[in-house]
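Student: Data: run_12.cif, mmCIF, N, CA and C atoms.
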```
data_my_file
#
loop_
_atom_site.label_atom_id
_atom_site.label_comp_id
_atom_site.auth_asym_id
_atom_site.auth_seq_id
_atom_site.Cartn_x
_atom_site.Cartn_y
_atom_site.Cartn_z
N MET A 26 -39.42 -19.12 -3.11
CA MET A 26 -39.01 -19.31 -4.47
C MET A 26 -38.75 -17.96 -5.12
N LYS A 27 -37.65 -17.87 -5.87
CA LYS A 27 -37.30 -16.65 -6.60
C LYS A 27 -37.62 -16.85 -8.07
N VAL A 28 -38.39 -15.91 -8.63
CA VAL A 28 -38.80 -16.00 -10.04
C VAL A 28 -38.40 -14.72 -10.76
N ALA A 29 -37.72 -14.87 -11.88
CA ALA A 29 -37.38 -13.74 -12.73
C ALA A 29 -38.40 -13.63 -13.86
N VAL A 30 -38.90 -12.43 -14.08
CA VAL A 30 -39.77 -12.13 -15.22
C VAL A 30 -39.06 -11.03 -16.00
N ILE A 31 -38.48 -11.42 -17.13
CA ILE A 31 -37.69 -10.49 -17.93
C ILE A 31 -38.29 -10.43 -19.32
N TYR A 32 -38.45 -9.23 -19.85
CA TYR A 32 -39.10 -9.09 -21.14
C TYR A 32 -38.48 -7.98 -21.97
N ALA A 33 -38.80 -8.04 -23.27
CA ALA A 33 -38.51 -6.95 -24.20
C ALA A 33 -39.84 -6.62 -24.86
N SER A 34 -40.07 -5.35 -25.14
CA SER A 34 -41.33 -4.95 -25.77
C SER A 34 -41.08 -3.72 -26.62
N THR A 35 -41.63 -3.71 -27.81
CA THR A 35 -41.45 -2.55 -28.68
C THR A 35 -42.72 -1.72 -28.78
N THR A 36 -43.88 -2.34 -28.63
CA THR A 36 -45.16 -1.63 -28.76
C THR A 36 -45.98 -1.64 -27.48
N GLY A 37 -45.51 -2.35 -26.46
CA GLY A 37 -46.24 -2.45 -25.20
C GLY A 37 -47.04 -3.73 -25.05
N ASN A 38 -47.18 -4.51 -26.11
CA ASN A 38 -47.98 -5.74 -26.03
C ASN A 38 -47.32 -6.79 -25.13
N THR A 39 -46.05 -7.05 -25.35
CA THR A 39 -45.35 -8.03 -24.52
C THR A 39 -45.17 -7.49 -23.10
N GLU A 40 -45.04 -6.19 -22.96
CA GLU A 40 -44.96 -5.58 -21.63
C GLU A 40 -46.26 -5.84 -20.86
N ALA A 41 -47.40 -5.72 -21.51
CA ALA A 41 -48.69 -6.00 -20.85
C ALA A 41 -48.74 -7.46 -20.42
N MET A 42 -48.25 -8.34 -21.26
CA MET A 42 -48.19 -9.76 -20.90
C MET A 42 -47.29 -9.97 -19.68
N ALA A 43 -46.11 -9.34 -19.71
CA ALA A 43 -45.15 -9.48 -18.61
C ALA A 43 -45.73 -8.97 -17.30
N ASN A 44 -46.46 -7.86 -17.35
CA ASN A 44 -47.08 -7.34 -16.13
C ASN A 44 -48.10 -8.32 -15.56
N ALA A 45 -48.91 -8.94 -16.42
CA ALA A 45 -49.89 -9.92 -15.97
C ALA A 45 -49.20 -11.16 -15.39
N VAL A 46 -48.15 -11.60 -16.05
CA VAL A 46 -47.38 -12.75 -15.56
C VAL A 46 -46.79 -12.44 -14.19
N SER A 47 -46.16 -11.28 -14.06
CA SER A 47 -45.55 -10.87 -12.80
C SER A 47 -46.58 -10.77 -11.68
N GLU A 48 -47.73 -10.19 -11.98
CA GLU A 48 -48.80 -10.07 -10.99
C GLU A 48 -49.23 -11.44 -10.47
N SER A 49 -49.35 -12.39 -11.35
CA SER A 49 -49.76 -13.73 -10.98
C SER A 49 -48.69 -14.42 -10.13
N VAL A 50 -47.44 -14.25 -10.51
CA VAL A 50 -46.33 -14.85 -9.76
C VAL A 50 -46.26 -14.26 -8.35
N LYS A 51 -46.42 -12.94 -8.25
CA LYS A 51 -46.42 -12.29 -6.93
C LYS A 51 -47.56 -12.81 -6.06
N ALA A 52 -48.72 -12.99 -6.67
CA ALA A 52 -49.89 -13.48 -5.93
C ALA A 52 -49.68 -14.89 -5.39
N SER A 53 -48.76 -15.63 -6.00
CA SER A 53 -48.47 -16.99 -5.54
C SER A 53 -47.57 -16.98 -4.30
N GLY A 54 -47.02 -15.80 -3.97
CA GLY A 54 -46.14 -15.68 -2.82
C GLY A 54 -44.66 -15.74 -3.15
N ALA A 55 -44.34 -15.91 -4.43
CA ALA A 55 -42.93 -15.97 -4.83
C ALA A 55 -42.30 -14.58 -4.79
N GLU A 56 -41.00 -14.57 -4.62
CA GLU A 56 -40.22 -13.33 -4.72
C GLU A 56 -39.95 -13.10 -6.21
N VAL A 57 -40.28 -11.92 -6.72
CA VAL A 57 -40.18 -11.66 -8.16
C VAL A 57 -39.09 -10.64 -8.45
N PHE A 58 -38.25 -10.98 -9.41
CA PHE A 58 -37.28 -10.05 -9.97
C PHE A 58 -37.83 -9.70 -11.35
N PHE A 59 -38.28 -8.46 -11.56
CA PHE A 59 -38.98 -8.04 -12.77
C PHE A 59 -38.19 -6.96 -13.48
N GLY A 60 -38.03 -7.09 -14.79
CA GLY A 60 -37.32 -6.04 -15.51
C GLY A 60 -37.25 -6.27 -16.99
N THR A 61 -36.66 -5.31 -17.68
CA THR A 61 -36.50 -5.40 -19.12
C THR A 61 -35.16 -6.04 -19.47
N ALA A 62 -35.13 -6.67 -20.63
CA ALA A 62 -33.93 -7.39 -21.06
C ALA A 62 -32.72 -6.46 -21.20
N ASP A 63 -32.95 -5.21 -21.55
CA ASP A 63 -31.82 -4.30 -21.74
C ASP A 63 -31.20 -3.82 -20.43
N LYS A 64 -31.91 -4.03 -19.30
CA LYS A 64 -31.39 -3.57 -18.02
C LYS A 64 -31.23 -4.66 -16.97
N ALA A 65 -31.70 -5.86 -17.26
CA ALA A 65 -31.67 -6.94 -16.27
C ALA A 65 -30.25 -7.41 -15.99
N ASP A 66 -30.02 -7.78 -14.75
CA ASP A 66 -28.73 -8.30 -14.30
C ASP A 66 -28.71 -9.81 -14.54
N SER A 67 -27.89 -10.26 -15.47
CA SER A 67 -27.87 -11.67 -15.84
C SER A 67 -27.49 -12.57 -14.67
N ALA A 68 -26.64 -12.12 -13.77
CA ALA A 68 -26.26 -12.94 -12.62
C ALA A 68 -27.44 -13.13 -11.67
N VAL A 69 -28.21 -12.08 -11.44
CA VAL A 69 -29.39 -12.17 -10.58
C VAL A 69 -30.41 -13.11 -11.21
N VAL A 70 -30.66 -12.94 -12.50
CA VAL A 70 -31.64 -13.78 -13.19
C VAL A 70 -31.20 -15.24 -13.14
N SER A 71 -29.94 -15.50 -13.40
CA SER A 71 -29.43 -16.88 -13.39
C SER A 71 -29.55 -17.54 -12.03
N SER A 72 -29.59 -16.73 -10.96
CA SER A 72 -29.69 -17.29 -9.61
C SER A 72 -31.13 -17.61 -9.21
N CYS A 73 -32.10 -17.23 -10.03
CA CYS A 73 -33.52 -17.48 -9.70
C CYS A 73 -33.88 -18.95 -9.92
N ASP A 74 -34.90 -19.39 -9.21
CA ASP A 74 -35.38 -20.76 -9.33
C ASP A 74 -36.13 -20.99 -10.64
N VAL A 75 -36.87 -19.99 -11.06
CA VAL A 75 -37.67 -20.05 -12.29
C VAL A 75 -37.39 -18.77 -13.08
N ILE A 76 -37.26 -18.92 -14.40
CA ILE A 76 -36.99 -17.77 -15.27
C ILE A 76 -38.07 -17.71 -16.35
N LEU A 77 -38.78 -16.60 -16.38
CA LEU A 77 -39.83 -16.38 -17.37
C LEU A 77 -39.38 -15.25 -18.29
N LEU A 78 -39.32 -15.53 -19.58
CA LEU A 78 -38.77 -14.60 -20.55
C LEU A 78 -39.81 -14.27 -21.62
N GLY A 79 -39.93 -12.98 -21.95
CA GLY A 79 -40.88 -12.56 -22.97
C GLY A 79 -40.24 -11.71 -24.04
N SER A 80 -40.64 -11.99 -25.29
CA SER A 80 -40.14 -11.20 -26.41
C SER A 80 -41.18 -11.18 -27.52
N PRO A 81 -41.34 -10.02 -28.16
CA PRO A 81 -42.21 -10.00 -29.33
C PRO A 81 -41.49 -10.65 -30.51
N ALA A 82 -42.26 -11.06 -31.49
CA ALA A 82 -41.69 -11.53 -32.74
C ALA A 82 -41.25 -10.30 -33.53
N MET A 83 -40.06 -10.35 -34.05
CA MET A 83 -39.54 -9.22 -34.82
C MET A 83 -39.16 -9.71 -36.22
N GLY A 84 -39.26 -8.83 -37.19
CA GLY A 84 -38.80 -9.13 -38.54
C GLY A 84 -39.31 -10.46 -39.06
N ALA A 85 -38.38 -11.32 -39.42
CA ALA A 85 -38.71 -12.64 -39.95
C ALA A 85 -38.88 -13.64 -38.80
N GLU A 86 -39.67 -13.25 -37.80
CA GLU A 86 -39.94 -14.07 -36.61
C GLU A 86 -38.66 -14.45 -35.87
N VAL A 87 -38.02 -13.41 -35.32
CA VAL A 87 -36.85 -13.60 -34.47
C VAL A 87 -37.08 -12.82 -33.16
N LEU A 88 -36.25 -13.09 -32.16
CA LEU A 88 -36.33 -12.37 -30.90
C LEU A 88 -35.98 -10.90 -31.09
N GLU A 89 -36.57 -10.06 -30.25
CA GLU A 89 -36.21 -8.64 -30.21
C GLU A 89 -34.73 -8.56 -29.81
N ASP A 90 -34.00 -7.58 -30.34
CA ASP A 90 -32.54 -7.51 -30.18
C ASP A 90 -32.07 -7.54 -28.73
N SER A 91 -32.69 -6.76 -27.85
CA SER A 91 -32.21 -6.73 -26.46
C SER A 91 -32.46 -8.06 -25.77
N MET A 92 -33.52 -8.77 -26.14
CA MET A 92 -33.76 -10.10 -25.55
C MET A 92 -32.76 -11.10 -26.12
N GLU A 93 -32.47 -11.00 -27.39
CA GLU A 93 -31.46 -11.89 -27.98
C GLU A 93 -30.13 -11.71 -27.25
N ASP A 94 -29.73 -10.47 -27.03
CA ASP A 94 -28.47 -10.20 -26.32
C ASP A 94 -28.51 -10.73 -24.90
N PHE A 95 -29.62 -10.48 -24.19
CA PHE A 95 -29.74 -10.94 -22.81
C PHE A 95 -29.77 -12.46 -22.74
N TYR A 96 -30.57 -13.07 -23.59
CA TYR A 96 -30.67 -14.53 -23.58
C TYR A 96 -29.31 -15.17 -23.83
N SER A 97 -28.54 -14.61 -24.75
CA SER A 97 -27.20 -15.14 -25.04
C SER A 97 -26.31 -15.11 -23.80
N LYS A 98 -26.51 -14.12 -22.92
CA LYS A 98 -25.71 -14.01 -21.70
C LYS A 98 -26.07 -15.10 -20.68
N ILE A 99 -27.34 -15.51 -20.64
CA ILE A 99 -27.75 -16.47 -19.60
C ILE A 99 -27.89 -17.90 -20.11
N GLU A 100 -27.83 -18.08 -21.42
CA GLU A 100 -28.09 -19.39 -22.02
C GLU A 100 -27.28 -20.52 -21.40
N SER A 101 -26.00 -20.30 -21.15
CA SER A 101 -25.15 -21.36 -20.62
C SER A 101 -25.43 -21.68 -19.16
N SER A 102 -26.23 -20.87 -18.48
CA SER A 102 -26.54 -21.11 -17.07
C SER A 102 -27.92 -21.73 -16.86
N LEU A 103 -28.58 -22.15 -17.94
CA LEU A 103 -29.96 -22.63 -17.84
C LEU A 103 -30.11 -24.12 -17.57
N GLY A 104 -29.03 -24.86 -17.56
CA GLY A 104 -29.11 -26.30 -17.33
C GLY A 104 -29.87 -26.63 -16.05
N GLY A 105 -30.96 -27.40 -16.17
CA GLY A 105 -31.75 -27.81 -15.02
C GLY A 105 -32.72 -26.77 -14.51
N LYS A 106 -32.68 -25.57 -15.04
CA LYS A 106 -33.58 -24.48 -14.60
C LYS A 106 -34.96 -24.66 -15.21
N LYS A 107 -35.97 -24.21 -14.47
CA LYS A 107 -37.33 -24.17 -14.99
C LYS A 107 -37.48 -22.83 -15.70
N VAL A 108 -37.85 -22.89 -16.99
CA VAL A 108 -37.94 -21.70 -17.83
C VAL A 108 -39.29 -21.70 -18.56
N GLY A 109 -39.85 -20.51 -18.72
CA GLY A 109 -41.05 -20.33 -19.53
C GLY A 109 -40.84 -19.15 -20.47
N ILE A 110 -41.41 -19.24 -21.67
CA ILE A 110 -41.27 -18.16 -22.63
C ILE A 110 -42.64 -17.72 -23.15
N PHE A 111 -42.73 -16.43 -23.42
CA PHE A 111 -44.00 -15.85 -23.89
C PHE A 111 -43.71 -14.67 -24.79
N GLY A 112 -44.73 -14.25 -25.54
CA GLY A 112 -44.56 -13.07 -26.37
C GLY A 112 -45.75 -12.78 -27.25
N SER A 113 -45.70 -11.62 -27.86
CA SER A 113 -46.77 -11.18 -28.76
C SER A 113 -46.24 -11.15 -30.20
N TYR A 114 -47.19 -11.23 -31.12
CA TYR A 114 -46.83 -11.22 -32.53
C TYR A 114 -47.92 -10.50 -33.32
N ASP A 115 -47.59 -10.11 -34.53
CA ASP A 115 -48.55 -9.45 -35.40
C ASP A 115 -48.96 -10.40 -36.53
N TRP A 116 -47.98 -11.03 -37.13
CA TRP A 116 -48.25 -11.94 -38.23
C TRP A 116 -47.37 -13.17 -38.01
N GLY A 117 -47.50 -14.14 -38.84
CA GLY A 117 -46.70 -15.35 -38.71
C GLY A 117 -47.43 -16.40 -37.90
N ASP A 118 -46.70 -17.44 -37.54
CA ASP A 118 -47.34 -18.58 -36.87
C ASP A 118 -46.64 -19.01 -35.59
N GLY A 119 -45.76 -18.17 -35.07
CA GLY A 119 -45.09 -18.50 -33.82
C GLY A 119 -43.73 -19.13 -33.97
N GLN A 120 -43.15 -19.05 -35.16
CA GLN A 120 -41.84 -19.67 -35.38
C GLN A 120 -40.78 -19.16 -34.41
N TRP A 121 -40.83 -17.87 -34.05
CA TRP A 121 -39.81 -17.32 -33.14
C TRP A 121 -39.86 -18.02 -31.78
N LEU A 122 -41.05 -18.38 -31.32
CA LEU A 122 -41.15 -19.08 -30.04
C LEU A 122 -40.72 -20.54 -30.17
N ARG A 123 -41.03 -21.18 -31.28
CA ARG A 123 -40.58 -22.56 -31.48
C ARG A 123 -39.06 -22.63 -31.56
N ASP A 124 -38.46 -21.67 -32.27
CA ASP A 124 -37.00 -21.63 -32.36
C ASP A 124 -36.38 -21.39 -30.98
N TRP A 125 -36.97 -20.48 -30.22
CA TRP A 125 -36.48 -20.17 -28.88
C TRP A 125 -36.63 -21.38 -27.96
N GLU A 126 -37.75 -22.06 -28.06
CA GLU A 126 -38.00 -23.27 -27.27
C GLU A 126 -36.91 -24.31 -27.54
N THR A 127 -36.55 -24.49 -28.80
CA THR A 127 -35.50 -25.44 -29.16
C THR A 127 -34.17 -25.05 -28.52
N ARG A 128 -33.85 -23.78 -28.56
CA ARG A 128 -32.61 -23.29 -27.95
C ARG A 128 -32.61 -23.54 -26.44
N ILE A 129 -33.75 -23.27 -25.81
CA ILE A 129 -33.84 -23.44 -24.36
C ILE A 129 -33.68 -24.91 -23.97
N LYS A 130 -34.32 -25.78 -24.70
CA LYS A 130 -34.18 -27.21 -24.43
C LYS A 130 -32.74 -27.66 -24.67
N SER A 131 -32.10 -27.15 -25.72
CA SER A 131 -30.71 -27.50 -26.00
C SER A 131 -29.77 -27.04 -24.89
N ALA A 132 -30.17 -25.98 -24.19
CA ALA A 132 -29.36 -25.47 -23.07
C ALA A 132 -29.58 -26.31 -21.81
N GLY A 133 -30.49 -27.27 -21.86
CA GLY A 133 -30.73 -28.14 -20.71
C GLY A 133 -31.79 -27.65 -19.74
N ALA A 134 -32.52 -26.62 -20.12
CA ALA A 134 -33.57 -26.09 -19.25
C ALA A 134 -34.82 -26.98 -19.32
N VAL A 135 -35.68 -26.80 -18.33
CA VAL A 135 -36.93 -27.55 -18.26
C VAL A 135 -38.08 -26.58 -18.57
N LEU A 136 -38.84 -26.89 -19.60
CA LEU A 136 -40.02 -26.09 -19.95
C LEU A 136 -41.23 -26.82 -19.37
N SER A 137 -41.85 -26.23 -18.36
CA SER A 137 -42.96 -26.91 -17.69
C SER A 137 -44.33 -26.52 -18.25
N ALA A 138 -44.34 -25.69 -19.27
CA ALA A 138 -45.58 -25.31 -19.95
C ALA A 138 -45.24 -24.92 -21.38
N GLU A 139 -46.22 -25.07 -22.25
CA GLU A 139 -46.04 -24.65 -23.64
C GLU A 139 -45.77 -23.14 -23.69
N PRO A 140 -44.96 -22.69 -24.64
CA PRO A 140 -44.77 -21.25 -24.80
C PRO A 140 -46.12 -20.56 -25.03
N LEU A 141 -46.23 -19.34 -24.53
CA LEU A 141 -47.47 -18.58 -24.64
C LEU A 141 -47.31 -17.44 -25.62
N MET A 142 -48.19 -17.39 -26.63
CA MET A 142 -48.15 -16.27 -27.56
C MET A 142 -49.55 -15.69 -27.72
N ILE A 143 -49.57 -14.37 -27.86
CA ILE A 143 -50.83 -13.65 -28.03
C ILE A 143 -50.68 -12.71 -29.22
N ASN A 144 -51.69 -12.71 -30.08
CA ASN A 144 -51.68 -11.84 -31.25
C ASN A 144 -51.96 -10.41 -30.81
N LEU A 145 -51.02 -9.53 -31.14
CA LEU A 145 -51.11 -8.09 -30.86
C LEU A 145 -51.36 -7.80 -29.38
N THR A 146 -52.25 -6.86 -29.07
CA THR A 146 -52.48 -6.43 -27.69
C THR A 146 -53.36 -7.43 -26.95
N PRO A 147 -52.91 -7.92 -25.79
CA PRO A 147 -53.76 -8.86 -25.05
C PRO A 147 -55.00 -8.16 -24.50
N ASP A 148 -56.17 -8.75 -24.75
CA ASP A 148 -57.41 -8.24 -24.18
C ASP A 148 -57.57 -8.85 -22.78
N ALA A 149 -58.70 -8.63 -22.13
CA ALA A 149 -58.91 -9.14 -20.77
C ALA A 149 -58.75 -10.66 -20.72
N GLU A 150 -59.26 -11.35 -21.71
CA GLU A 150 -59.13 -12.80 -21.76
C GLU A 150 -57.66 -13.21 -21.93
N GLY A 151 -56.95 -12.48 -22.78
CA GLY A 151 -55.53 -12.75 -22.99
C GLY A 151 -54.71 -12.52 -21.74
N LEU A 152 -55.02 -11.47 -20.98
CA LEU A 152 -54.30 -11.20 -19.73
C LEU A 152 -54.56 -12.31 -18.71
N GLU A 153 -55.79 -12.82 -18.67
CA GLU A 153 -56.10 -13.95 -17.78
C GLU A 153 -55.32 -15.19 -18.20
N LYS A 154 -55.19 -15.37 -19.50
CA LYS A 154 -54.41 -16.49 -20.04
C LYS A 154 -52.96 -16.38 -19.57
N CYS A 155 -52.41 -15.15 -19.57
CA CYS A 155 -51.04 -14.92 -19.09
C CYS A 155 -50.91 -15.31 -17.62
N LYS A 156 -51.88 -14.91 -16.82
CA LYS A 156 -51.85 -15.21 -15.39
C LYS A 156 -51.94 -16.70 -15.13
N ASP A 157 -52.84 -17.38 -15.85
CA ASP A 157 -52.97 -18.84 -15.68
C ASP A 157 -51.71 -19.55 -16.13
N TRP A 158 -51.12 -19.09 -17.22
CA TRP A 158 -49.89 -19.68 -17.74
C TRP A 158 -48.77 -19.57 -16.70
N ALA A 159 -48.65 -18.40 -16.09
CA ALA A 159 -47.60 -18.17 -15.09
C ALA A 159 -47.72 -19.15 -13.93
N VAL A 160 -48.94 -19.38 -13.47
CA VAL A 160 -49.17 -20.33 -12.37
C VAL A 160 -48.70 -21.72 -12.78
N GLN A 161 -49.00 -22.12 -14.01
CA GLN A 161 -48.58 -23.44 -14.49
C GLN A 161 -47.07 -23.57 -14.54
N VAL A 162 -46.41 -22.55 -15.04
CA VAL A 162 -44.96 -22.61 -15.20
C VAL A 162 -44.23 -22.72 -13.87
N ILE A 163 -44.70 -22.02 -12.86
CA ILE A 163 -43.95 -22.00 -11.59
C ILE A 163 -44.30 -23.15 -10.65
N LYS A 164 -45.24 -24.01 -11.02
CA LYS A 164 -45.62 -25.16 -10.17
C LYS A 164 -44.42 -26.01 -9.84
#
```
Translate this structure into structure tokens?

Tutor:
Amino acid sequence: MKVAVIYASTTGNTEAMANAVSESVKASGAEVFFGTADKADSAVVSSCDVILLGSPAMGAEVLEDSMEDFYSKIESSLGGKKVGIFGSYDWGDGQWLRDWETRIKSAGAVLSAEPLMINLTPDAEGLEKCKDWAVQVIK
């Protein structure tokens, strides 16, 4: 199984989440394509069996700019794909992930787990939560 883990991070919080997610996916034996939204190859990501995307909440709870640009490139190729989304936030209630979830479902993707959000920097418990979430998504 090929799994893409693509993220955007401005303070390192979502990057820490992405690293934990990637570590868990690798431990499952899957082939992992790991990278940042500003450098990821949309064709490679679209060819993966599972796509895991991470973005912090920005401004009025929207995706980080490079993730918004990247997601727009792959959105039309998500029909029938298994997708999971995650990210960190400082304030708010997770509206950016709910909005993103709606977009992903509208694109025809399958969300096999609830979106994962962690307030600010993930602690040891939060990193374990990321690893457990990754296992659920790729089942």

Student: Near A:Met26, counting all atoms listed in the file, which residues have an atom at most 8 Å away, once you skip same-chain residues fewer than 4 positions from it, shown as an MDAnalysis selection string?

Tutor: chainID A and resid 54:57 73:75

Student: Could you please take those selected residues and save N, CA and C atoms as an mmCIF file, in the frame of the given file?

Tutor:
```cif
data_model
loop_
_atom_site.group_PDB
_atom_site.id
_atom_site.type_symbol
_atom_site.label_atom_id
_atom_site.label_comp_id
_atom_site.auth_asym_id
_atom_site.auth_seq_id
_atom_site.Cartn_x
_atom_site.Cartn_y
_atom_site.Cartn_z
ATOM 1 N N GLY A 54 -47.020 -15.800 -3.970
ATOM 2 C CA GLY A 54 -46.140 -15.680 -2.820
ATOM 3 C C GLY A 54 -44.660 -15.740 -3.150
ATOM 4 N N ALA A 55 -44.340 -15.910 -4.430
ATOM 5 C CA ALA A 55 -42.930 -15.970 -4.830
ATOM 6 C C ALA A 55 -42.300 -14.580 -4.790
ATOM 7 N N GLU A 56 -41.000 -14.570 -4.620
ATOM 8 C CA GLU A 56 -40.220 -13.330 -4.720
ATOM 9 C C GLU A 56 -39.950 -13.100 -6.210
ATOM 10 N N VAL A 57 -40.280 -11.920 -6.720
ATOM 11 C CA VAL A 57 -40.180 -11.660 -8.160
ATOM 12 C C VAL A 57 -39.090 -10.640 -8.450
ATOM 13 N N CYS A 73 -32.100 -17.230 -10.030
ATOM 14 C CA CYS A 73 -33.520 -17.480 -9.700
ATOM 15 C C CYS A 73 -33.880 -18.950 -9.920
ATOM 16 N N ASP A 74 -34.900 -19.390 -9.210
ATOM 17 C CA ASP A 74 -35.380 -20.760 -9.330
ATOM 18 C C ASP A 74 -36.130 -20.990 -10.640
ATOM 19 N N VAL A 75 -36.870 -19.990 -11.060
ATOM 20 C CA VAL A 75 -37.670 -20.050 -12.290
ATOM 21 C C VAL A 75 -37.390 -18.770 -13.080
#
```

Student: So what do you get for atom C of A:Lys154 versus atom C of A:Asp118, distance-wise?

Tutor: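 Separation between atom C of A:Lys154 and atom C of A:Asp118: 17.4 Å.
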
Student: Which neighbours of stretch 43-53 of chain A fall inside 5 Å, counting all atoms listed in the file, when residues of the same chain fewer than 2 positions from it are skipped, and could you give them as a ChimeraX atom specification?

Tutor: /A:39-41,55,155-156

Student: Could you tell me which residues the PyMOL selection byres ((chain A and resi 81) around 6) returns for this structure, as a VMD selection string?

Tutor: chain A and resid 33 to 34 39 79 to 80 82 to 83 87 to 89 112 to 114

Student: List every residue of chain A that DSSP, applied to the backbone, labels as strand (DSSP E), and write the result as JSON, numbers by chain.

Tutor: {"A": [27, 28, 29, 30, 31, 32, 56, 57, 58, 59, 60, 61, 75, 76, 77, 78, 79, 107, 108, 109, 110, 111, 112, 113, 114, 135, 136, 141, 142, 143, 144]}

Student: What gap, in Å, lies between atom CA of A:Ile76 and atom C of A:Arg123?

Tutor: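 Separation of atom CA of A:Ile76 and atom C of A:Arg123: 17.1 Å.
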
Student: With distances taken over all atoms listed in the file, which of A:Leu145, A:Ile110, A:Val30, A:Leu103 is nearest to A:Ala132?

Tutor: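 The closest residue to A:Ala132 is A:Leu103.
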
Student: Between atom CA of A:Val69 and atom C of A:Gly119, what is the distance in Å, rounded to a tenth?

Tutor: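 So the two atoms, atom CA of A:Val69 and atom C of A:Gly119, lie 28.3 Å apart.
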
Student: What residues come out when you apply the PyMOL selection byres (((chain A and resi 138 and name CA) around 10) and name CA) to this file, written as a PyMOL selection string?

Tutor: chain A and resi 107-110+135-137+139-141+158-164

Student: Counting only C-alpha atoms, which residue out of A:Glu86, A:Glu153, A:Asp66, A:Asp94 sits closest to A:Asp124?

Tutor: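 That would be A:Glu86, the residue with the smallest distance to A:Asp124.
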
Student: I'd like to know which residues of chain A are helix (DSSP H, G or I) (by DSSP, run on the backbone); could you write them as a PyMOL selection string?

Tutor: chain A and resi 38-52+67-71+90-102+120-131+149-163

Student: I need the residue nearest A:Ala68 from this list: A:Gly84, A:Ser91, A:Ser102, A:Ser97. Use only C-alpha atoms for the distance.

Tutor: A:Ser102

Student: Can you list, as a ChimeraX atom specification, every protein, DNA or RNA residue that comes within 10 Å of A:Ser131 when you count only C-alpha atoms, leaving out same-chain residues fewer than 2 positions away?

Tutor: /A:100-101,103-104,125-129,133-135

Student: With only N, CA and C atoms as the atoms that count, which of A:Gln120, A:Lys130, A:Ser67, A:Gly60 lies nearest to A:Lys98?

Tutor: A:Ser67

Student: Could you check the closest approach to A:Met92 for each of A:Ser71, A:Asp148, A:Gly117, A:Tyr32 and tell me which residue wins, using only C-alpha atoms?

Tutor: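 Smallest separation from A:Met92 among the options: A:Tyr32.
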